[in-house]
Amino acid sequence: MTGETGHKLRGDYSRMRPDYTVDQEWDAYAPAQHELWRRLYRRQESLVPKYACPEFIEVLERLDFGAGIPRFDVTNEKLARATNWQLVAVPGLLPDLTFFEHLANRRFPVTVWLREPEEFDYIVEPDIFHDFFGHAPMLFNPVFADYMQAYGRGAIKAHALGAIEMLARLYWYTVEFGLIETPKGIRTYGAGILSSGGEIAYCVDSPNPNRIGFDLLRIMQTRYKIDTFQETYFVIRDFGQLFDATEPDFTPYYEQLRGREPHAPSAVLATDKVYHRGVAPQRAA
Ligand SMILES: [Fe+2]
């Protein structure tokens, strides 16, 4: 298995099933790993009340995953009751189609390994802290949970139509780095932000990045940065907007967008609903 940049992935892919799932083997985590989880959790827990959307905060307060690395089977009982989703243990990043098939069947793949202490602030590949802390709480929200499944189904179709790059941008700018309007101002629901010690405050407080209203076709033709904080964040009004946007068949959109030059990550267009126009280039993540 190799990642996006061609480097060898660090997970153990030797014992997985055909759908890339493995057993979590919770008993094999070392005490030091549980302690590292607790440190990561405490830092994010202190930031979440100010920057996360209320739906995320509510789940975190109610279920409290701060005691140590969570057991997927315990969370799955609660998740099944809430939205009929399941977490499945995987060695790390998956081939696109395998990942989408899990989503389409209401299964979210969660990496089993935890980062090393020296990776406290930044990690290249998603680990269990990113996958679980960032993604699992949002799967308890019924509308967001339905969006994730709709996304998976749409992505399988996009894969067959050679349009996966456009759908990857949608995932990036919503599931990973999305912002949302709330009565307390703009907050985040994106897992890449919620699991980050730096970007969680930056995406809301910093004058540097653009904050622009969610626009499906605009997002599908906007490139993104993987090694710095985002230059543009897209803001949804509510999760219903997200779900509704994925309802139509995207096939005509792909036809419309194919061959067009994508927008730069920093671009602001005349047609954008601008919440905030960024003032400076981004610093490295
Ligand atoms: Fe993620």
# chains A, B, ... in the order shown; residues from 1 in each chain; ligands from 1
$ closest_atom_pairs --of "chain A" --to "ligand 1" --cutoff "8 Å" --atoms "only C-alpha atoms and all ligand atoms" --output "JSON lines"
{"residue": "A:Pro126", "atom": "CA", "partner": "ligand 1", "partner_atom_place_in_ligand_line": "1 (Fe)", "distance": 6.5}
{"residue": "A:His130", "atom": "CA", "partner": "ligand 1", "partner_atom_place_in_ligand_line": "1 (Fe)", "distance": 6.3}
{"residue": "A:Asp131", "atom": "CA", "partner": "ligand 1", "partner_atom_place_in_ligand_line": "1 (Fe)", "distance": 5.5}
{"residue": "A:Gly134", "atom": "CA", "partner": "ligand 1", "partner_atom_place_in_ligand_line": "1 (Fe)", "distance": 7.0}
{"residue": "A:His135", "atom": "CA", "partner": "ligand 1", "partner_atom_place_in_ligand_line": "1 (Fe)", "distance": 6.6}
{"residue": "A:Val175", "atom": "CA", "partner": "ligand 1", "partner_atom_place_in_ligand_line": "1 (Fe)", "distance": 7.4}
{"residue": "A:Glu176", "atom": "CA", "partner": "ligand 1", "partner_atom_place_in_ligand_line": "1 (Fe)", "distance": 5.7}
{"residue": "A:Ala191", "atom": "CA", "partner": "ligand 1", "partner_atom_place_in_ligand_line": "1 (Fe)", "distance": 5.6}
{"residue": "A:Gly192", "atom": "CA", "partner": "ligand 1", "partner_atom_place_in_ligand_line": "1 (Fe)", "distance": 5.8}
$ write_last_selection --atoms "N, CA and C atoms" --output "PDB file, in the first residue's frame"
ATOM      1  N   PRO A 126      -3.412   9.782   8.602  1.00  0.00           N
ATOM      2  CA  PRO A 126      -4.392   9.784   9.699  1.00  0.00           C
ATOM      3  C   PRO A 126      -4.200   8.584  10.636  1.00  0.00           C
ATOM      4  N   HIS A 130      -6.978  11.007  14.975  1.00  0.00           N
ATOM      5  CA  HIS A 130      -7.706  11.762  13.935  1.00  0.00           C
ATOM      6  C   HIS A 130      -9.017  11.054  13.572  1.00  0.00           C
ATOM      7  N   ASP A 131      -8.919   9.772  13.245  1.00  0.00           N
ATOM      8  CA  ASP A 131     -10.093   9.062  12.720  1.00  0.00           C
ATOM      9  C   ASP A 131     -11.212   8.968  13.754  1.00  0.00           C
ATOM     10  N   GLY A 134     -11.902  12.899  15.510  1.00  0.00           N
ATOM     11  CA  GLY A 134     -12.412  13.838  14.506  1.00  0.00           C
ATOM     12  C   GLY A 134     -13.712  13.382  13.866  1.00  0.00           C
ATOM     13  N   HIS A 135     -13.808  12.080  13.559  1.00  0.00           N
ATOM     14  CA  HIS A 135     -14.938  11.615  12.748  1.00  0.00           C
ATOM     15  C   HIS A 135     -16.075  10.988  13.551  1.00  0.00           C
ATOM     16  N   VAL A 175     -16.240  17.196   5.004  1.00  0.00           N
ATOM     17  CA  VAL A 175     -16.000  16.211   6.080  1.00  0.00           C
ATOM     18  C   VAL A 175     -14.705  16.503   6.839  1.00  0.00           C
ATOM     19  N   GLU A 176     -13.670  16.940   6.138  1.00  0.00           N
ATOM     20  CA  GLU A 176     -12.384  17.171   6.818  1.00  0.00           C
ATOM     21  C   GLU A 176     -12.192  18.618   7.280  1.00  0.00           C
ATOM     22  N   ALA A 191     -13.320  16.970  10.529  1.00  0.00           N
ATOM     23  CA  ALA A 191     -12.463  16.103  11.344  1.00  0.00           C
ATOM     24  C   ALA A 191     -10.991  16.516  11.297  1.00  0.00           C
ATOM     25  N   GLY A 192     -10.537  17.002  10.145  1.00  0.00           N
ATOM     26  CA  GLY A 192      -9.144  17.434  10.034  1.00  0.00           C
ATOM     27  C   GLY A 192      -8.854  18.607  10.945  1.00  0.00           C
TER      28      GLY A 192
END
$ residues_around --residues "segment 73-76 of chain A" --least-positions-apart "2" --cutoff "8 Å" --atoms "only C-alpha atoms" --output "ChimeraX atom specification"
/A:70-71,78-80,85-87
$ select_by_dssp --residues "segment 32-240 of chain A" --states "strand (DSSP E or B)" --output "ChimeraX atom specification"
/A:52,86-90,107-111,179-182,185-188,210-213,222,228,232-236
$ write_last_selection --atoms "N, CA, C and O atoms" --output "CSV table (one decimal), in the first residue's frame"
chain,number,residue,atom,x,y,z
A,52,ALA,N,-15.8,24.1,18.1
A,52,ALA,CA,-16.6,23.0,17.5
A,52,ALA,C,-18.1,23.4,17.4
A,52,ALA,O,-18.6,24.2,18.2
A,86,GLN,N,-21.4,2.1,12.0
A,86,GLN,CA,-20.5,1.2,12.7
A,86,GLN,C,-19.0,1.8,12.4
A,86,GLN,O,-18.8,2.2,11.2
A,87,LEU,N,-18.2,1.7,13.4
A,87,LEU,CA,-16.8,1.9,13.1
A,87,LEU,C,-16.1,0.6,12.8
A,87,LEU,O,-16.5,-0.4,13.4
A,88,VAL,N,-15.3,0.5,11.8
A,88,VAL,CA,-14.6,-0.7,11.5
A,88,VAL,C,-13.1,-0.4,11.6
A,88,VAL,O,-12.6,0.6,11.1
A,89,ALA,N,-12.3,-1.4,12.2
A,89,ALA,CA,-10.9,-1.2,12.3
A,89,ALA,C,-10.2,-1.5,11.0
A,89,ALA,O,-10.5,-2.5,10.4
A,90,VAL,N,-9.2,-0.6,10.7
A,90,VAL,CA,-8.4,-0.8,9.4
A,90,VAL,C,-7.0,-0.5,9.7
A,90,VAL,O,-6.6,0.2,10.7
A,107,ARG,N,-20.4,2.2,7.3
A,107,ARG,CA,-19.3,1.7,8.1
A,107,ARG,C,-18.2,2.8,7.9
A,107,ARG,O,-17.8,3.1,6.8
A,108,PHE,N,-17.6,3.3,9.1
A,108,PHE,CA,-16.5,4.2,8.9
A,108,PHE,C,-15.2,3.6,9.3
A,108,PHE,O,-15.1,3.1,10.5
A,109,PRO,N,-14.3,3.5,8.4
A,109,PRO,CA,-13.0,2.9,8.7
A,109,PRO,C,-12.1,3.8,9.6
A,109,PRO,O,-11.9,5.0,9.4
A,110,VAL,N,-11.7,3.2,10.7
A,110,VAL,CA,-10.8,3.9,11.7
A,110,VAL,C,-9.5,3.2,11.8
A,110,VAL,O,-9.5,1.9,12.1
A,111,THR,N,-8.4,3.9,11.6
A,111,THR,CA,-7.1,3.4,11.7
A,111,THR,C,-6.8,2.9,13.2
A,111,THR,O,-7.2,3.5,14.1
A,179,LEU,N,-16.7,24.3,7.8
A,179,LEU,CA,-17.2,25.2,8.8
A,179,LEU,C,-18.7,25.3,8.7
A,179,LEU,O,-19.3,25.0,7.6
A,180,ILE,N,-19.4,25.7,9.8
A,180,ILE,CA,-20.8,25.8,9.8
A,180,ILE,C,-21.2,27.0,10.6
A,180,ILE,O,-20.6,27.4,11.6
A,181,GLU,N,-22.3,27.7,10.1
A,181,GLU,CA,-22.9,28.8,10.9
A,181,GLU,C,-23.6,28.2,12.1
A,181,GLU,O,-24.3,27.2,12.0
A,182,THR,N,-23.5,28.9,13.3
A,182,THR,CA,-24.2,28.5,14.5
A,182,THR,C,-24.6,29.8,15.2
A,182,THR,O,-24.1,30.9,14.9
A,185,GLY,N,-21.8,31.9,16.2
A,185,GLY,CA,-20.8,32.3,15.2
A,185,GLY,C,-20.4,31.1,14.4
A,185,GLY,O,-20.9,30.0,14.5
A,186,ILE,N,-19.3,31.3,13.6
A,186,ILE,CA,-18.9,30.2,12.7
A,186,ILE,C,-18.1,29.2,13.6
A,186,ILE,O,-17.2,29.6,14.4
A,187,ARG,N,-18.4,27.9,13.4
A,187,ARG,CA,-17.7,26.8,14.1
A,187,ARG,C,-17.3,25.8,13.1
A,187,ARG,O,-17.6,25.9,11.9
A,188,THR,N,-16.6,24.7,13.6
A,188,THR,CA,-16.2,23.7,12.7
A,188,THR,C,-16.9,22.3,13.0
A,188,THR,O,-17.2,22.0,14.1
A,210,ASN,N,-9.6,32.6,3.6
A,210,ASN,CA,-11.0,33.0,3.2
A,210,ASN,C,-12.0,32.1,3.9
A,210,ASN,O,-11.8,30.9,4.1
A,211,ARG,N,-13.2,32.7,4.1
A,211,ARG,CA,-14.3,31.9,4.6
A,211,ARG,C,-15.5,32.2,3.6
A,211,ARG,O,-15.9,33.4,3.5
A,212,ILE,N,-15.9,31.2,2.9
A,212,ILE,CA,-16.8,31.4,1.8
A,212,ILE,C,-18.0,30.4,1.9
A,212,ILE,O,-17.8,29.3,2.4
A,213,GLY,N,-19.1,30.9,1.5
A,213,GLY,CA,-20.3,30.1,1.6
A,213,GLY,C,-20.2,28.8,0.8
A,213,GLY,O,-19.7,28.8,-0.3
A,222,THR,N,-12.2,23.3,-6.9
A,222,THR,CA,-11.2,24.1,-6.1
A,222,THR,C,-10.1,23.1,-5.6
A,222,THR,O,-10.5,22.2,-4.8
A,228,THR,N,-0.3,22.5,4.5
A,228,THR,CA,-0.4,23.8,5.3
A,228,THR,C,-1.9,23.9,5.8
A,228,THR,O,-2.7,23.1,5.4
A,232,THR,N,-8.7,28.4,2.2
A,232,THR,CA,-10.1,28.7,2.1
A,232,THR,C,-10.9,27.7,2.8
A,232,THR,O,-10.6,26.5,2.7
A,233,TYR,N,-11.9,28.1,3.6
A,233,TYR,CA,-12.8,27.2,4.3
A,233,TYR,C,-14.2,27.6,3.7
A,233,TYR,O,-14.5,28.7,3.4
A,234,PHE,N,-15.0,26.5,3.5
A,234,PHE,CA,-16.4,26.7,3.0
A,234,PHE,C,-17.4,26.5,4.2
A,234,PHE,O,-17.2,25.6,5.0
A,235,VAL,N,-18.3,27.4,4.3
A,235,VAL,CA,-19.2,27.5,5.4
A,235,VAL,C,-20.6,27.0,5.0
A,235,VAL,O,-21.2,27.6,4.1
A,236,ILE,N,-21.2,26.0,5.7
A,236,ILE,CA,-22.5,25.6,5.4
A,236,ILE,C,-23.5,26.3,6.4
A,236,ILE,O,-23.1,26.7,7.5
$ closest_residue --among "A:Arg81, A:Arg62, A:Lys157, A:Arg115" --to "Arg10 of chain A" --atoms "only C-alpha atoms"
A:Arg115
$ closest_atom_pairs --of "segment 98-126 of chain A" --to "segment 140-151 of chain A" --cutoff "12 Å" --atoms "only C-alpha atoms" --output "CSV"
residue,atom,partner,partner_atom,distance
A:Phe99,CA,A:Tyr151,CA,11.1
A:Phe100,CA,A:Tyr151,CA,8.0
A:Glu101,CA,A:Gln149,CA,9.3
A:His102,CA,A:Gln149,CA,8.7
A:Leu103,CA,A:Gln149,CA,5.3
A:Ala104,CA,A:Gln149,CA,4.7
A:Asn105,CA,A:Gln149,CA,6.8
A:Arg106,CA,A:Gln149,CA,5.8
A:Arg107,CA,A:Gln149,CA,8.6
A:Phe108,CA,A:Met148,CA,9.1
$ residues_around --residues "Tyr254 of chain A" --least-positions-apart "4" --cutoff "7 Å" --atoms "only C-alpha atoms" --output "list of chain:residue names"
A:Ala163, A:Phe250, A:Arg258
$ residues_around --residues "Ser196 of chain A" --least-positions-apart "2" --cutoff "8 Å" --atoms "only C-alpha atoms" --output "PyMOL selection string"
chain A and resi 44+121-122+192-194+198-200
$ residues_around --residues "Gly66 of chain A" --least-positions-apart "2" --cutoff "8 Å" --atoms "only C-alpha atoms" --output "PyMOL selection string"
chain A and resi 37-38+41-42+64+68-69
$ write_last_selection --atoms "all heavy atoms" --output "PDB file, in the first residue's frame"
ATOM      1  N   TRP A  37      -2.936   9.184  24.253  1.00  0.00           N
ATOM      2  CA  TRP A  37      -4.330   9.490  23.858  1.00  0.00           C
ATOM      3  C   TRP A  37      -4.943  10.511  24.813  1.00  0.00           C
ATOM      4  O   TRP A  37      -5.571  11.483  24.395  1.00  0.00           O
ATOM      5  CB  TRP A  37      -5.185   8.211  23.840  1.00  0.00           C
ATOM      6  CG  TRP A  37      -6.644   8.502  23.625  1.00  0.00           C
ATOM      7  CD1 TRP A  37      -7.551   8.915  24.585  1.00  0.00           C
ATOM      8  CD2 TRP A  37      -7.366   8.467  22.396  1.00  0.00           C
ATOM      9  NE1 TRP A  37      -8.791   9.129  24.022  1.00  0.00           N
ATOM     10  CE2 TRP A  37      -8.706   8.857  22.684  1.00  0.00           C
ATOM     11  CE3 TRP A  37      -7.016   8.130  21.082  1.00  0.00           C
ATOM     12  CZ2 TRP A  37      -9.689   8.923  21.702  1.00  0.00           C
ATOM     13  CZ3 TRP A  37      -8.012   8.200  20.103  1.00  0.00           C
ATOM     14  CH2 TRP A  37      -9.315   8.589  20.408  1.00  0.00           C
ATOM     15  N   ARG A  38      -4.745  10.266  26.130  1.00  0.00           N
ATOM     16  CA  ARG A  38      -5.345  11.183  27.121  1.00  0.00           C
ATOM     17  C   ARG A  38      -4.797  12.604  26.954  1.00  0.00           C
ATOM     18  O   ARG A  38      -5.531  13.579  27.077  1.00  0.00           O
ATOM     19  CB  ARG A  38      -5.101  10.674  28.549  1.00  0.00           C
ATOM     20  CG  ARG A  38      -5.985   9.493  28.917  1.00  0.00           C
ATOM     21  CD  ARG A  38      -5.932   9.198  30.412  1.00  0.00           C
ATOM     22  NE  ARG A  38      -4.683   8.574  30.820  1.00  0.00           N
ATOM     23  CZ  ARG A  38      -4.459   7.255  30.799  1.00  0.00           C
ATOM     24  NH1 ARG A  38      -5.402   6.412  30.395  1.00  0.00           N
ATOM     25  NH2 ARG A  38      -3.290   6.778  31.188  1.00  0.00           N
ATOM     26  N   TYR A  41      -6.330  14.080  23.875  1.00  0.00           N
ATOM     27  CA  TYR A  41      -7.753  14.330  24.133  1.00  0.00           C
ATOM     28  C   TYR A  41      -7.932  15.589  24.971  1.00  0.00           C
ATOM     29  O   TYR A  41      -8.793  16.424  24.683  1.00  0.00           O
ATOM     30  CB  TYR A  41      -8.352  13.111  24.844  1.00  0.00           C
ATOM     31  CG  TYR A  41      -9.856  13.146  24.930  1.00  0.00           C
ATOM     32  CD1 TYR A  41     -10.635  12.547  23.953  1.00  0.00           C
ATOM     33  CD2 TYR A  41     -10.502  13.780  25.990  1.00  0.00           C
ATOM     34  CE1 TYR A  41     -12.025  12.573  24.019  1.00  0.00           C
ATOM     35  CE2 TYR A  41     -11.890  13.814  26.062  1.00  0.00           C
ATOM     36  CZ  TYR A  41     -12.641  13.211  25.076  1.00  0.00           C
ATOM     37  OH  TYR A  41     -14.014  13.244  25.148  1.00  0.00           O
ATOM     38  N   ARG A  42      -7.117  15.712  26.026  1.00  0.00           N
ATOM     39  CA  ARG A  42      -7.246  16.876  26.919  1.00  0.00           C
ATOM     40  C   ARG A  42      -7.015  18.182  26.168  1.00  0.00           C
ATOM     41  O   ARG A  42      -7.706  19.170  26.381  1.00  0.00           O
ATOM     42  CB  ARG A  42      -6.280  16.764  28.103  1.00  0.00           C
ATOM     43  CG  ARG A  42      -6.802  15.876  29.222  1.00  0.00           C
ATOM     44  CD  ARG A  42      -6.052  16.134  30.516  1.00  0.00           C
ATOM     45  NE  ARG A  42      -4.637  15.796  30.417  1.00  0.00           N
ATOM     46  CZ  ARG A  42      -4.131  14.590  30.702  1.00  0.00           C
ATOM     47  NH1 ARG A  42      -4.941  13.601  31.085  1.00  0.00           N
ATOM     48  NH2 ARG A  42      -2.848  14.362  30.602  1.00  0.00           N
ATOM     49  N   ASP A  64     -17.808  11.129  26.365  1.00  0.00           N
ATOM     50  CA  ASP A  64     -16.490  11.284  26.986  1.00  0.00           C
ATOM     51  C   ASP A  64     -15.507  10.149  26.655  1.00  0.00           C
ATOM     52  O   ASP A  64     -15.449   9.135  27.349  1.00  0.00           O
ATOM     53  CB  ASP A  64     -16.655  11.417  28.510  1.00  0.00           C
ATOM     54  CG  ASP A  64     -15.319  11.755  29.175  1.00  0.00           C
ATOM     55  OD1 ASP A  64     -14.317  11.942  28.440  1.00  0.00           O
ATOM     56  OD2 ASP A  64     -15.283  11.830  30.407  1.00  0.00           O
ATOM     57  N   GLY A  68      -8.936   6.912  27.747  1.00  0.00           N
ATOM     58  CA  GLY A  68      -7.861   6.163  27.082  1.00  0.00           C
ATOM     59  C   GLY A  68      -8.348   5.832  25.685  1.00  0.00           C
ATOM     60  O   GLY A  68      -9.455   6.216  25.304  1.00  0.00           O
ATOM     61  N   ILE A  69      -7.534   5.102  24.929  1.00  0.00           N
ATOM     62  CA  ILE A  69      -7.940   4.747  23.562  1.00  0.00           C
ATOM     63  C   ILE A  69      -9.281   4.001  23.629  1.00  0.00           C
ATOM     64  O   ILE A  69      -9.392   3.009  24.348  1.00  0.00           O
ATOM     65  CB  ILE A  69      -6.859   3.872  22.888  1.00  0.00           C
ATOM     66  CG1 ILE A  69      -5.551   4.669  22.775  1.00  0.00           C
ATOM     67  CG2 ILE A  69      -7.340   3.388  21.523  1.00  0.00           C
ATOM     68  CD1 ILE A  69      -4.362   3.843  22.272  1.00  0.00           C
TER      69      ILE A  69
END
$ closest_residue --among "A:Gln230, A:Thr21, A:Thr251, A:Gln33" --to "Val204 of chain A" --atoms "only C-alpha atoms"
A:Gln230
$ residues_around --residues "Glu118 of chain A" --least-positions-apart "4" --cutoff "12 Å" --atoms "only C-alpha atoms" --output "PyMOL selection string"
chain A and resi 36+40+114+122-123
$ write_last_selection --atoms "all heavy atoms" --output "mmCIF file, in the first residue's frame"
data_model
loop_
_atom_site.group_PDB
_atom_site.id
_atom_site.type_symbol
_atom_site.label_atom_id
_atom_site.label_comp_id
_atom_site.auth_asym_id
_atom_site.auth_seq_id
_atom_site.Cartn_x
_atom_site.Cartn_y
_atom_site.Cartn_z
ATOM 1 N N LEU A 36 -0.786 8.823 26.000
ATOM 2 C CA LEU A 36 -0.664 9.766 24.877
ATOM 3 C C LEU A 36 -2.051 10.150 24.358
ATOM 4 O O LEU A 36 -2.307 11.330 24.063
ATOM 5 C CB LEU A 36 0.187 9.139 23.760
ATOM 6 C CG LEU A 36 0.368 9.994 22.498
ATOM 7 C CD1 LEU A 36 1.023 11.338 22.826
ATOM 8 C CD2 LEU A 36 1.200 9.235 21.453
ATOM 9 N N LEU A 40 -3.585 13.961 24.127
ATOM 10 C CA LEU A 40 -4.171 14.510 22.901
ATOM 11 C C LEU A 40 -5.617 14.929 23.147
ATOM 12 O O LEU A 40 -6.062 15.998 22.726
ATOM 13 C CB LEU A 40 -4.144 13.454 21.783
ATOM 14 C CG LEU A 40 -2.778 13.169 21.146
ATOM 15 C CD1 LEU A 40 -2.796 11.812 20.443
ATOM 16 C CD2 LEU A 40 -2.403 14.274 20.159
ATOM 17 N N LEU A 114 -1.835 4.401 16.839
ATOM 18 C CA LEU A 114 -1.748 5.769 17.365
ATOM 19 C C LEU A 114 -0.390 6.357 17.006
ATOM 20 O O LEU A 114 0.618 5.644 16.993
ATOM 21 C CB LEU A 114 -1.912 5.750 18.892
ATOM 22 C CG LEU A 114 -1.875 7.100 19.618
ATOM 23 C CD1 LEU A 114 -3.083 7.971 19.255
ATOM 24 C CD2 LEU A 114 -1.829 6.898 21.140
ATOM 25 N N TYR A 122 1.565 17.133 14.812
ATOM 26 C CA TYR A 122 1.303 16.959 13.387
ATOM 27 C C TYR A 122 1.635 15.540 12.959
ATOM 28 O O TYR A 122 2.638 14.974 13.363
ATOM 29 C CB TYR A 122 2.148 17.936 12.552
ATOM 30 C CG TYR A 122 1.894 17.788 11.074
ATOM 31 C CD1 TYR A 122 0.691 18.225 10.517
ATOM 32 C CD2 TYR A 122 2.829 17.167 10.245
ATOM 33 C CE1 TYR A 122 0.428 18.056 9.171
ATOM 34 C CE2 TYR A 122 2.580 17.004 8.882
ATOM 35 C CZ TYR A 122 1.381 17.454 8.352
ATOM 36 O OH TYR A 122 1.110 17.289 7.019
ATOM 37 N N ILE A 123 0.779 14.987 12.141
ATOM 38 C CA ILE A 123 1.009 13.635 11.635
ATOM 39 C C ILE A 123 0.630 13.589 10.162
ATOM 40 O O ILE A 123 -0.340 14.232 9.746
ATOM 41 C CB ILE A 123 0.228 12.598 12.475
ATOM 42 C CG1 ILE A 123 0.570 11.190 12.046
ATOM 43 C CG2 ILE A 123 -1.270 12.843 12.437
ATOM 44 C CD1 ILE A 123 0.142 10.144 13.046
#
$ select_by_dssp --residues "segment 30-210 of chain A" --states "helix (DSSP H, G or I)" --output "ChimeraX atom specification"
/A:31-51,54-63,72-83,96-104,117-119,128-140,142-160,164-176,191-194,199-205
$ write_last_selection --atoms "C-alpha atoms" --output "short mmCIF file (atom, residue, chain, number, x, y, z; two decimals), in the first residue's frame"
data_model
loop_
_atom_site.label_atom_id
_atom_site.label_comp_id
_atom_site.auth_asym_id
_atom_site.auth_seq_id
_atom_site.Cartn_x
_atom_site.Cartn_y
_atom_site.Cartn_z
CA PRO A 31 -0.19 2.07 28.88
CA ALA A 32 1.99 4.79 27.34
CA GLN A 33 -0.28 4.84 24.30
CA HIS A 34 -3.37 5.32 26.45
CA GLU A 35 -1.53 8.14 28.22
CA LEU A 36 -0.66 9.77 24.88
CA TRP A 37 -4.33 9.49 23.86
CA ARG A 38 -5.34 11.18 27.12
CA ARG A 39 -2.90 14.05 26.45
CA LEU A 40 -4.17 14.51 22.90
CA TYR A 41 -7.75 14.33 24.13
CA ARG A 42 -7.25 16.88 26.92
CA ARG A 43 -5.76 19.41 24.54
CA GLN A 44 -8.62 19.13 22.04
CA GLU A 45 -11.22 18.97 24.81
CA SER A 46 -10.07 22.39 26.01
CA LEU A 47 -10.46 23.89 22.52
CA VAL A 48 -13.69 22.25 21.42
CA PRO A 49 -16.12 24.40 23.51
CA LYS A 50 -15.01 27.51 21.64
CA TYR A 51 -14.55 26.19 18.13
CA PRO A 54 -22.76 22.20 19.09
CA GLU A 55 -23.53 18.72 17.70
CA PHE A 56 -19.90 17.65 18.18
CA ILE A 57 -19.66 19.18 21.66
CA GLU A 58 -22.84 17.45 22.78
CA VAL A 59 -21.57 13.98 21.83
CA LEU A 60 -18.19 14.56 23.39
CA GLU A 61 -19.73 15.70 26.66
CA ARG A 62 -22.20 12.84 26.73
CA LEU A 63 -19.88 9.99 25.76
CA PHE A 72 -14.68 0.37 18.92
CA ASP A 73 -17.11 -2.37 20.04
CA VAL A 74 -18.33 -0.24 22.96
CA THR A 75 -18.80 2.86 20.80
CA ASN A 76 -20.48 0.78 18.11
CA GLU A 77 -23.31 -0.25 20.42
CA LYS A 78 -24.13 3.42 21.01
CA LEU A 79 -23.58 4.40 17.38
CA ALA A 80 -25.87 1.62 16.17
CA ARG A 81 -28.66 2.96 18.37
CA ALA A 82 -28.06 6.58 17.30
CA THR A 83 -27.67 6.34 13.52
CA ASP A 96 -10.54 4.79 -2.76
CA LEU A 97 -13.21 2.33 -3.83
CA THR A 98 -12.88 0.19 -0.68
CA PHE A 99 -13.24 3.31 1.47
CA PHE A 100 -16.32 4.48 -0.44
CA GLU A 101 -17.95 1.04 -0.21
CA HIS A 102 -17.60 1.16 3.56
CA LEU A 103 -19.22 4.62 3.70
CA ALA A 104 -22.03 3.58 1.38
CA PRO A 117 4.76 11.15 21.07
CA GLU A 118 6.98 13.26 18.77
CA GLU A 119 4.04 13.51 16.35
CA ILE A 128 -6.70 6.57 15.44
CA PHE A 129 -6.80 9.95 17.15
CA HIS A 130 -7.71 11.76 13.93
CA ASP A 131 -10.09 9.06 12.72
CA PHE A 132 -11.89 8.49 16.00
CA PHE A 133 -11.82 11.88 17.72
CA GLY A 134 -12.41 13.84 14.51
CA HIS A 135 -14.94 11.61 12.75
CA ALA A 136 -16.79 9.36 15.22
CA PRO A 137 -18.72 12.07 17.16
CA MET A 138 -20.19 13.54 13.96
CA LEU A 139 -21.52 10.11 12.94
CA PHE A 140 -23.94 10.36 15.87
CA PRO A 142 -28.53 11.71 11.93
CA VAL A 143 -28.38 14.26 9.10
CA PHE A 144 -24.60 14.26 8.90
CA ALA A 145 -24.59 10.46 9.10
CA ASP A 146 -26.95 10.30 6.11
CA TYR A 147 -24.74 12.74 4.22
CA MET A 148 -21.74 10.46 4.76
CA GLN A 149 -23.60 7.50 3.31
CA ALA A 150 -24.88 9.58 0.37
CA TYR A 151 -21.32 10.72 -0.20
CA GLY A 152 -20.09 7.10 -0.27
CA ARG A 153 -22.75 6.12 -2.80
CA GLY A 154 -22.01 9.16 -4.96
CA ALA A 155 -18.28 8.49 -4.79
CA ILE A 156 -18.68 4.90 -6.02
CA LYS A 157 -20.49 6.31 -9.05
CA ALA A 158 -17.87 9.04 -9.49
CA HIS A 159 -15.17 6.38 -9.40
CA ALA A 160 -16.79 4.61 -12.35
CA ILE A 164 -13.04 11.02 -8.21
CA GLU A 165 -10.84 14.11 -8.00
CA MET A 166 -13.93 16.36 -7.89
CA LEU A 167 -15.55 14.22 -5.19
CA ALA A 168 -12.33 14.15 -3.18
CA ARG A 169 -12.45 17.96 -3.05
CA LEU A 170 -16.00 17.81 -1.70
CA TYR A 171 -14.90 15.43 1.07
CA TRP A 172 -11.91 17.59 1.88
CA TYR A 173 -13.81 20.87 2.13
CA THR A 174 -16.73 19.39 4.09
CA VAL A 175 -16.00 16.21 6.08
CA GLU A 176 -12.38 17.17 6.82
CA ALA A 191 -12.46 16.10 11.34
CA GLY A 192 -9.14 17.43 10.03
CA ILE A 193 -9.72 20.58 12.07
CA LEU A 194 -11.35 19.03 15.15
CA GLU A 199 -6.03 24.66 12.95
CA ILE A 200 -9.09 24.46 15.22
CA ALA A 201 -8.53 28.03 16.47
CA TYR A 202 -6.98 29.23 13.22
CA CYS A 203 -9.94 28.33 11.00
CA VAL A 204 -12.30 30.45 13.10
CA ASP A 205 -10.10 33.22 14.53
#
$ residues_around --residues "Trp113 of chain A" --least-positions-apart "6" --cutoff "9 Å" --atoms "only C-alpha atoms" --output "ChimeraX atom specification"
/A:11,24,29,91-92,127-129
